[in-house]
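Novice: To start, I am sharing the structure in question, which I have written as structure tokens.
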Amino acid sequence: MSKPKVFEKPLGVKDYLPKAVTKLRNIEFRVLACMERWGYNQIITPTLEYYDTVGVASSTEDKKLFKLLDRKGKTLVLRSELTAPIARVASSLLKEHAFPLRLSYHSNVFRSIEEEAGRDSEFFQTGVELIGDASSEADAEVVALAIASLQAAGVGAFKIALGHVGFLNGLFQETLEGRSDAQLALKEHLLSRDYVGYREAIKSLALTPDVERELIGVLRLRGGDEICEQARMVSQHPIAQDAIRHLCEVWDVLKAYGVSEHVVIDLTMIGDFSYYTGMTFEGYASDLGFPVCSGGRYDNLLSQFGRPAPATGFALKTNRILEVTGKENVEEPGRVLIAYDAEHREEALQLAKAMRSSDDEVIIITQLVSESEAWSNELLNKGDGQFELRGTVYSDVITMMV
């Protein structure tokens, strides 16, 4: 195996230069402030967790976990998402706190990937968990907050696709009873958005024409609240009927929030069907193929940590949002340069201290100048009160030299 080149990075990780970091932090701060106004308190969990607890409970496939051993030989994982770690905390350190719990977070997460375009091994998530409330009001709250968070992040045009795993579970149990392999295959096609494969799989099952049309017709169940009535006619299975009832209640609450124009009901949208137990959703920006947020209900997770409770939440893919909003300029504070010689050092540095302590949002940079004439020749007056020195623009330059 060849030795990595001196500037080479591992697959799927990247460096963020100062301008990108400024924009990324700007997104993070605005989103977390939005979540705080909705009553969500920020939490920080460790980068490392035990594989046998959080790793096993995670929604991430085992093959995508980064694993390592501690000194005692126990297997650790780099956190691959934040929901399972927060469930651990809610069941231990917060076990005396009454439900519901409203928690928010922003952290980097790690997932081992193959060489796929657009996929990162390390990326950033900002999200919330609402724990201890099984109602449609709670599901609608996290969807409405996801919309508010995307707006706070500066994402202009986007849509939230809203689904429910119960609808397909009920429909498939009704039409493909006892054929678990076929049900799993159809779900895999829908999960990967492979609609061509979904149709071909249905045709290969030798179903009656009516059942075949019914299953293929699911692909057309996408739109506004009219989809609720259409879906009720598709399957009479109790699980499917309960799912549609719940989804319609969520829609009604979203209308009350005044955000339903951002939402479409999509009954092919099931999220990770092995993890979510109810409503699921994904958010798509108009000019990006990947989802910028995802979430849903996961009522079985906390029982794995000894405190059974319903829960729902979402995560924003912060670095993907940066791809959408990164072309926009973030307004930066003005920069002031204080240039001084050795004789005026103390006076200049005390002035800098006073200016940094003021309420003015301004960046103060100090520079010792040994040859004032050469330095003056480098300083360019750009007009409109702006100066440039070695590629950096300043709103003011204060000279303290003989």
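Convention: chains lettered A, B, ... in structure tokens order; per-chain residue numbering from 1; ligands numbered from 1 as shown.
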List the neighbours of Gly223 (chain A) out to 12 Å using only C-alpha atoms; skip same-chain residues closer than 5 positions along the sequence, and give me the result as a PyMOL selection string.

Specialist: chain A and resi 159-163+218+228-231+251+260-268

Novice: Skip Ala84 (chain A) itself and residues of its chain fewer than 2 positions away, then list as a PyMOL selection string all residues within 6 Å of it, counting only C-alpha atoms.

Specialist: chain A and resi 54+58+82+86-87

Novice: Using only C-alpha atoms, which residues sit within 12 Å of region 42-52 of chain A once same-chain residues fewer than 6 positions away are excluded, as an NGL selection string?

Specialist: :A and (29 or 31-36 or 58 or 60 or 62 or 65-70 or 73-90 or 93-94 or 101-110 or 122 or 126-129 or 304-305)

Novice: Among the residues of region 106-317 of chain A, find those DSSP assigns to strand (DSSP E or B) from the backbone and print them as a PDB file with C-alpha atoms, in the first residue's frame.

Specialist:
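Result file follows (out-v5.pdb):
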```
ATOM      1  CA  HIS A 106     -25.235  20.915  15.832  1.00  0.00           C
ATOM      2  CA  SER A 107     -22.326  18.519  15.305  1.00  0.00           C
ATOM      3  CA  ASN A 108     -20.164  16.813  12.735  1.00  0.00           C
ATOM      4  CA  VAL A 109     -21.002  13.180  12.013  1.00  0.00           C
ATOM      5  CA  PHE A 110     -19.076  10.406  10.277  1.00  0.00           C
ATOM      6  CA  GLU A 122     -17.715  13.740   7.484  1.00  0.00           C
ATOM      7  CA  PHE A 123     -20.518  16.270   7.373  1.00  0.00           C
ATOM      8  CA  PHE A 124     -22.533  18.572   9.613  1.00  0.00           C
ATOM      9  CA  GLN A 125     -26.037  18.149  10.995  1.00  0.00           C
ATOM     10  CA  THR A 126     -28.212  20.663  12.810  1.00  0.00           C
ATOM     11  CA  GLY A 127     -31.462  19.298  14.164  1.00  0.00           C
ATOM     12  CA  VAL A 128     -33.985  18.723  16.936  1.00  0.00           C
ATOM     13  CA  GLU A 129     -35.605  15.868  18.827  1.00  0.00           C
ATOM     14  CA  LEU A 130     -39.061  16.158  20.413  1.00  0.00           C
ATOM     15  CA  ILE A 131     -39.282  13.285  22.898  1.00  0.00           C
ATOM     16  CA  PHE A 158     -37.770  24.228  -1.221  1.00  0.00           C
ATOM     17  CA  LYS A 159     -40.427  21.564  -0.729  1.00  0.00           C
ATOM     18  CA  ILE A 160     -41.058  19.144   2.133  1.00  0.00           C
ATOM     19  CA  ALA A 161     -42.214  15.673   1.011  1.00  0.00           C
ATOM     20  CA  LEU A 162     -44.388  14.155   3.747  1.00  0.00           C
ATOM     21  CA  GLY A 163     -45.082  10.425   4.003  1.00  0.00           C
ATOM     22  CA  HIS A 164     -45.972   7.708   6.488  1.00  0.00           C
ATOM     23  CA  ARG A 222     -48.425  12.870  -4.455  1.00  0.00           C
ATOM     24  CA  GLY A 223     -49.943  16.298  -3.913  1.00  0.00           C
ATOM     25  CA  VAL A 263     -45.418  20.686   1.852  1.00  0.00           C
ATOM     26  CA  VAL A 264     -46.523  17.903  -0.499  1.00  0.00           C
ATOM     27  CA  ILE A 265     -47.904  14.555   0.631  1.00  0.00           C
ATOM     28  CA  ASP A 266     -45.874  11.779  -0.997  1.00  0.00           C
ATOM     29  CA  MET A 279     -44.563  10.001   9.680  1.00  0.00           C
ATOM     30  CA  THR A 280     -41.388  10.664   7.676  1.00  0.00           C
ATOM     31  CA  PHE A 281     -40.331  13.654   5.611  1.00  0.00           C
ATOM     32  CA  GLU A 282     -37.539  15.018   3.436  1.00  0.00           C
ATOM     33  CA  GLY A 283     -36.811  18.571   2.323  1.00  0.00           C
ATOM     34  CA  TYR A 284     -35.478  19.370  -1.147  1.00  0.00           C
ATOM     35  CA  ALA A 285     -34.039  22.683  -2.331  1.00  0.00           C
ATOM     36  CA  PRO A 291     -32.269  16.292   0.385  1.00  0.00           C
ATOM     37  CA  VAL A 292     -31.239  19.188   2.626  1.00  0.00           C
ATOM     38  CA  CYS A 293     -33.200  17.864   5.593  1.00  0.00           C
ATOM     39  CA  SER A 294     -34.921  14.674   6.705  1.00  0.00           C
ATOM     40  CA  GLY A 295     -36.791  13.435   9.721  1.00  0.00           C
ATOM     41  CA  GLY A 296     -39.737  11.549  11.106  1.00  0.00           C
ATOM     42  CA  ARG A 297     -41.163   9.551  13.981  1.00  0.00           C
ATOM     43  CA  ALA A 311     -40.202  10.636  19.670  1.00  0.00           C
ATOM     44  CA  THR A 312     -39.962  12.656  16.482  1.00  0.00           C
ATOM     45  CA  GLY A 313     -37.392  15.021  14.996  1.00  0.00           C
ATOM     46  CA  PHE A 314     -35.328  16.072  12.007  1.00  0.00           C
ATOM     47  CA  ALA A 315     -31.815  16.983  10.905  1.00  0.00           C
ATOM     48  CA  LEU A 316     -30.646  19.620   8.455  1.00  0.00           C
ATOM     49  CA  LYS A 317     -27.695  18.695   6.246  1.00  0.00           C
TER      50      LYS A 317
END
```

Novice: Go through region 218-287 of chain A and collect every residue that DSSP, computed from the backbone, puts in helix (DSSP H, G or I); the answer should be as JSON, numbers by chain.

Specialist: {"A": [218, 219, 220, 226, 227, 228, 229, 230, 231, 232, 233, 234, 238, 239, 240, 241, 242, 243, 244, 245, 246, 247, 248, 249, 250, 251, 252, 253, 254, 255, 256, 257, 260, 261, 262]}

Novice: Can you work out which one of A:Lys255, A:Lys64, A:Lys353, A:Lys187 has the shortest atom-to-atom distance to Leu168 (chain A), counting only C-alpha atoms?

Specialist: A:Lys187

Novice: Do you have the CA of Ala240 (chain A)-CA of Gly166 (chain A) distance handy?

Specialist: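 It comes out at 5.5 Å.
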
Novice: Work out how far CA of Phe172 (chain A) is from CA of Leu221 (chain A), in Å to one decimal.

Specialist: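 If I compute the distance from CA of Leu221 (chain A) to CA of Phe172 (chain A), I get 15.3 Å.
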
Novice: One decimal, Å: what's the distance from CA of Val336 (chain A) over to CA of Ala352 (chain A), could you say?

Specialist: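 Between these atoms lies a distance of 9.4 Å.
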